[in-house]
Amino acid sequence: MFNDSTLNSQSPDTMPDADTAILLVAEHALVRAGLRALLDATSGFAVIAEAPTIATALTLLDQHRPDVVLVDAAPVVQSERNALTQLRVRASGACVLFLGSSTGSEPTLDCLPNESGVVDFCSAVGALRGDIGAACALRSHCPVPKLTTTLSRRERQVAVSVAAGMSSKQIACSLGISLRTVNTYRESLARKIGASSPAVLTRFVIESGLERVEG
């Protein structure tokens, strides 16, 4: 049963004006904790409140006035669908974004595909907020430059090689390292930049200009 102890929120007065304020909605506390850790570590984003359901998130809107409402899953039961309708009306100035694909019953939801990483989230938020036209739609808040500086030279080389369409075996041969070492670097890239698939990693390489640096 939900109670106040399951909410983790922060007063909007303590958040920098430049940050994009995010309200997290996810049933499981562990999921909320993971998303909070990832987003709070990304420049330009700040999680200001959490809720286990869309209905509960409604009670937080007036207090926190989020720029983004990030929801773990599309609503299934009718009560949550009704709550979503209310949320869209009351948070008309915010973008509402769901993880995963839209369902047949909710085909108009703005969703992030399962393989999306931090860069995709950044671009999706920027596009929904109207900042279209830059490589990273959040522009000055784009996390790509900051994330790039956290990568080692070998991680950058592996990232560029993956973006070039090379397999792990080909990368190992090209760089003169073991296949196991290549896989270790790919795992570290997934942790650092949320690039869980070659497509996401390729997009990161293009948007960060890594291919020019390492080229």
# chains A, B, ... in the order shown; residues from 1 in each chain; ligands from 1

call {"tool": "select_by_dssp", "arguments": {"residues": "segment 16-203 of chain A", "states": "strand (DSSP E or B)", "output": "PyMOL selection string"}}
result
chain A and resi 20-25+45-51+68-71+95-99+111-112

call {"tool": "residues_around", "arguments": {"residues": "Ala83 of chain A", "least_positions_apart": "4", "cutoff": "8 Å", "atoms": "only C-alpha atoms", "output": "list in words"}}
result
Ile54, Ala55, Leu58, Ser79 and Leu87 of chain A

call {"tool": "write_last_selection", "arguments": {"atoms": "N, CA and C atoms", "output": "PDB file, in the first residue's frame"}}
result
ATOM      1  N   ILE A  54       0.718   6.894 -11.743  1.00  0.00           N
ATOM      2  CA  ILE A  54       0.329   8.148 -12.382  1.00  0.00           C
ATOM      3  C   ILE A  54      -0.657   8.897 -11.493  1.00  0.00           C
ATOM      4  N   ALA A  55      -1.556   8.148 -10.853  1.00  0.00           N
ATOM      5  CA  ALA A  55      -2.533   8.783  -9.968  1.00  0.00           C
ATOM      6  C   ALA A  55      -1.841   9.529  -8.833  1.00  0.00           C
ATOM      7  N   LEU A  58      -0.226  12.865  -9.830  1.00  0.00           N
ATOM      8  CA  LEU A  58      -1.135  14.009  -9.926  1.00  0.00           C
ATOM      9  C   LEU A  58      -1.061  14.897  -8.695  1.00  0.00           C
ATOM     10  N   SER A  79      -8.303   3.035 -14.475  1.00  0.00           N
ATOM     11  CA  SER A  79      -8.078   4.117 -13.510  1.00  0.00           C
ATOM     12  C   SER A  79      -6.793   4.878 -13.817  1.00  0.00           C
ATOM     13  N   LEU A  87      -3.470  14.074 -15.936  1.00  0.00           N
ATOM     14  CA  LEU A  87      -2.084  14.545 -15.857  1.00  0.00           C
ATOM     15  C   LEU A  87      -1.728  15.384 -17.076  1.00  0.00           C
TER      16      LEU A  87
END

call {"tool": "atom_distance", "arguments": {"atom1": "atom CA of Cys95 of chain A", "atom2": "atom CA of Arg203 of chain A"}}
result
22.7 Å

call {"tool": "closest_residue", "arguments": {"among": "A:Glu50, A:Glu115, A:Glu155, A:Asp120", "to": "Tyr185 of chain A", "atoms": "only C-alpha atoms"}}
result
A:Glu155

call {"tool": "closest_residue", "arguments": {"among": "A:Val71, A:Ile193, A:Leu175, A:Val182", "to": "Gly100 of chain A", "atoms": "only C-alpha atoms"}}
result
A:Val71

call {"tool": "residues_around", "arguments": {"residues": "Val162 of chain A", "least_positions_apart": "6", "cutoff": "10 Å", "atoms": "only C-alpha atoms", "output": "ChimeraX atom specification"}}
result
/A:156,168,170-171,186,197-199,201-202,205

call {"tool": "write_last_selection", "arguments": {"atoms": "N, CA and C atoms", "output": "short mmCIF file (atom, residue, chain, number, x, y, z; two decimals), in the first residue's frame"}}
result
data_model
loop_
_atom_site.label_atom_id
_atom_site.label_comp_id
_atom_site.auth_asym_id
_atom_site.auth_seq_id
_atom_site.Cartn_x
_atom_site.Cartn_y
_atom_site.Cartn_z
N ARG A 156 36.88 5.13 -26.30
CA ARG A 156 36.51 5.93 -27.47
C ARG A 156 36.81 5.17 -28.76
N SER A 168 32.93 -7.36 -32.64
CA SER A 168 33.87 -7.38 -31.51
C SER A 168 35.17 -8.08 -31.90
N GLN A 170 36.51 -8.23 -34.92
CA GLN A 170 37.26 -7.32 -35.80
C GLN A 170 37.92 -6.20 -35.00
N ILE A 171 37.21 -5.70 -33.99
CA ILE A 171 37.78 -4.63 -33.15
C ILE A 171 38.98 -5.15 -32.38
N ARG A 186 32.95 -2.57 -24.04
CA ARG A 186 31.58 -2.36 -24.48
C ARG A 186 30.62 -2.32 -23.28
N SER A 197 23.04 -0.83 -27.15
CA SER A 197 22.98 -1.46 -28.47
C SER A 197 23.89 -0.70 -29.43
N PRO A 198 24.34 -1.37 -30.51
CA PRO A 198 25.18 -0.68 -31.50
C PRO A 198 24.52 0.56 -32.08
N ALA A 199 23.19 0.52 -32.26
CA ALA A 199 22.49 1.68 -32.84
C ALA A 199 22.60 2.90 -31.94
N LEU A 201 24.88 3.39 -29.58
CA LEU A 201 26.29 3.78 -29.50
C LEU A 201 26.70 4.55 -30.75
N THR A 202 26.21 4.12 -31.90
CA THR A 202 26.52 4.83 -33.15
C THR A 202 25.99 6.25 -33.11
N VAL A 205 28.26 8.35 -30.97
CA VAL A 205 29.51 8.68 -31.66
C VAL A 205 29.30 9.82 -32.64
#

call {"tool": "closest_residue", "arguments": {"among": "A:Ser43, A:Ser174, A:Thr20, A:Thr85", "to": "Leu109 of chain A", "atoms": "only C-alpha atoms"}}
result
A:Thr85

call {"tool": "residues_around", "arguments": {"residues": "Leu128 of chain A", "least_positions_apart": "6", "cutoff": "9 Å", "atoms": "only C-alpha atoms", "output": "PDB file with C-alpha atoms, in the first residue's frame"}}
result
ATOM      1  CA  ALA A  94       5.396  19.478 -19.418  1.00  0.00           C
ATOM      2  CA  CYS A  95       6.251  16.650 -21.779  1.00  0.00           C
ATOM      3  CA  VAL A  96       5.094  13.181 -20.736  1.00  0.00           C
ATOM      4  CA  LEU A  97       7.438  10.430 -21.872  1.00  0.00           C
ATOM      5  CA  ASP A 110       5.463   9.575 -26.707  1.00  0.00           C
TER       6      ASP A 110
END

call {"tool": "select_by_dssp", "arguments": {"residues": "segment 32-213 of chain A", "states": "helix (DSSP H, G or I)", "output": "ChimeraX atom specification"}}
result
/A:32-40,54-58,61-64,78-90,118-128,139-141,144-149,153-163,168-175,179-193,198-208,210-213

call {"tool": "write_last_selection", "arguments": {"atoms": "C-alpha atoms", "output": "mmCIF file, in the first residue's frame"}}
result
data_model
loop_
_atom_site.group_PDB
_atom_site.id
_atom_site.type_symbol
_atom_site.label_atom_id
_atom_site.label_comp_id
_atom_site.auth_asym_id
_atom_site.auth_seq_id
_atom_site.Cartn_x
_atom_site.Cartn_y
_atom_site.Cartn_z
ATOM 1 C CA ARG A 32 12.945 4.708 -9.515
ATOM 2 C CA ALA A 33 16.301 4.621 -7.718
ATOM 3 C CA GLY A 34 18.117 3.511 -10.874
ATOM 4 C CA LEU A 35 16.503 6.171 -13.047
ATOM 5 C CA ARG A 36 17.172 8.863 -10.445
ATOM 6 C CA ALA A 37 20.858 7.901 -10.207
ATOM 7 C CA LEU A 38 21.269 7.983 -13.988
ATOM 8 C CA LEU A 39 19.413 11.247 -14.568
ATOM 9 C CA ASP A 40 20.874 13.113 -11.589
ATOM 10 C CA ILE A 54 0.329 8.148 -12.382
ATOM 11 C CA ALA A 55 -2.533 8.783 -9.968
ATOM 12 C CA THR A 56 -0.067 9.587 -7.201
ATOM 13 C CA ALA A 57 1.946 11.810 -9.546
ATOM 14 C CA LEU A 58 -1.135 14.009 -9.926
ATOM 15 C CA LEU A 61 2.171 18.466 -9.979
ATOM 16 C CA ASP A 62 1.196 21.721 -8.289
ATOM 17 C CA GLN A 63 4.014 21.481 -5.762
ATOM 18 C CA HIS A 64 6.851 20.606 -8.128
ATOM 19 C CA GLN A 78 -8.714 2.152 -16.706
ATOM 20 C CA SER A 79 -8.078 4.117 -13.510
ATOM 21 C CA GLU A 80 -4.509 4.820 -14.611
ATOM 22 C CA ARG A 81 -5.680 5.807 -18.101
ATOM 23 C CA ASN A 82 -8.072 8.287 -16.514
ATOM 24 C CA ALA A 83 -5.252 9.593 -14.331
ATOM 25 C CA LEU A 84 -3.058 9.993 -17.422
ATOM 26 C CA THR A 85 -5.749 12.107 -19.083
ATOM 27 C CA GLN A 86 -5.876 14.360 -16.006
ATOM 28 C CA LEU A 87 -2.084 14.545 -15.857
ATOM 29 C CA ARG A 88 -1.845 15.701 -19.455
ATOM 30 C CA VAL A 89 -4.369 18.444 -18.793
ATOM 31 C CA ARG A 90 -2.865 19.644 -15.511
ATOM 32 C CA VAL A 118 20.843 8.867 -22.264
ATOM 33 C CA VAL A 119 21.464 10.611 -25.582
ATOM 34 C CA ASP A 120 18.135 9.402 -26.966
ATOM 35 C CA PHE A 121 16.342 10.585 -23.838
ATOM 36 C CA CYS A 122 18.036 13.968 -24.104
ATOM 37 C CA SER A 123 17.025 14.386 -27.740
ATOM 38 C CA ALA A 124 13.467 13.186 -27.135
ATOM 39 C CA VAL A 125 12.961 15.645 -24.289
ATOM 40 C CA GLY A 126 14.400 18.488 -26.329
ATOM 41 C CA ALA A 127 12.185 17.667 -29.305
ATOM 42 C CA LEU A 128 9.049 17.471 -27.172
ATOM 43 C CA ARG A 139 21.767 22.245 -26.707
ATOM 44 C CA SER A 140 23.608 23.817 -23.764
ATOM 45 C CA HIS A 141 22.350 21.074 -21.458
ATOM 46 C CA VAL A 144 27.271 14.341 -24.723
ATOM 47 C CA PRO A 145 30.388 16.549 -24.246
ATOM 48 C CA LYS A 146 30.523 15.775 -20.538
ATOM 49 C CA LEU A 147 30.055 12.052 -21.115
ATOM 50 C CA THR A 148 32.739 12.027 -23.797
ATOM 51 C CA THR A 149 35.360 13.358 -21.401
ATOM 52 C CA ARG A 153 40.985 6.593 -25.135
ATOM 53 C CA ARG A 154 40.433 2.855 -25.584
ATOM 54 C CA GLU A 155 36.714 3.198 -24.839
ATOM 55 C CA ARG A 156 36.507 5.926 -27.472
ATOM 56 C CA GLN A 157 38.312 3.722 -29.980
ATOM 57 C CA VAL A 158 35.944 0.831 -29.329
ATOM 58 C CA ALA A 159 32.912 3.133 -29.609
ATOM 59 C CA VAL A 160 34.067 4.494 -32.975
ATOM 60 C CA SER A 161 34.803 0.971 -34.217
ATOM 61 C CA VAL A 162 31.323 -0.239 -33.259
ATOM 62 C CA ALA A 163 29.807 2.783 -35.026
ATOM 63 C CA SER A 168 33.874 -7.377 -31.514
ATOM 64 C CA LYS A 169 36.286 -9.853 -33.132
ATOM 65 C CA GLN A 170 37.256 -7.319 -35.796
ATOM 66 C CA ILE A 171 37.780 -4.633 -33.149
ATOM 67 C CA ALA A 172 39.988 -6.959 -31.117
ATOM 68 C CA CYS A 173 42.137 -7.678 -34.167
ATOM 69 C CA SER A 174 42.307 -4.020 -35.183
ATOM 70 C CA LEU A 175 43.320 -2.752 -31.730
ATOM 71 C CA LEU A 179 37.947 -10.312 -27.506
ATOM 72 C CA ARG A 180 37.233 -10.420 -23.773
ATOM 73 C CA THR A 181 38.822 -6.985 -23.337
ATOM 74 C CA VAL A 182 36.696 -5.561 -26.161
ATOM 75 C CA ASN A 183 33.555 -6.895 -24.483
ATOM 76 C CA THR A 184 34.677 -5.355 -21.191
ATOM 77 C CA TYR A 185 35.012 -1.952 -22.877
ATOM 78 C CA ARG A 186 31.582 -2.360 -24.480
ATOM 79 C CA GLU A 187 30.085 -3.119 -21.074
ATOM 80 C CA SER A 188 31.708 -0.011 -19.599
ATOM 81 C CA LEU A 189 30.322 2.083 -22.481
ATOM 82 C CA ALA A 190 26.852 0.737 -21.717
ATOM 83 C CA ARG A 191 27.229 1.755 -18.067
ATOM 84 C CA LYS A 192 28.655 5.208 -18.722
ATOM 85 C CA ILE A 193 26.478 6.439 -21.567
ATOM 86 C CA PRO A 198 25.183 -0.680 -31.499
ATOM 87 C CA ALA A 199 22.487 1.679 -32.842
ATOM 88 C CA VAL A 200 22.493 3.808 -29.687
ATOM 89 C CA LEU A 201 26.291 3.779 -29.499
ATOM 90 C CA THR A 202 26.520 4.827 -33.149
ATOM 91 C CA ARG A 203 24.213 7.756 -32.523
ATOM 92 C CA PHE A 204 26.341 8.799 -29.536
ATOM 93 C CA VAL A 205 29.512 8.676 -31.659
ATOM 94 C CA ILE A 206 27.924 10.817 -34.383
ATOM 95 C CA GLU A 207 26.458 13.417 -32.012
ATOM 96 C CA SER A 208 29.638 13.702 -29.953
ATOM 97 C CA LEU A 210 34.049 11.041 -31.678
ATOM 98 C CA GLU A 211 34.749 9.748 -35.171
ATOM 99 C CA ARG A 212 36.534 13.046 -35.962
ATOM 100 C CA VAL A 213 38.536 12.996 -32.730
#
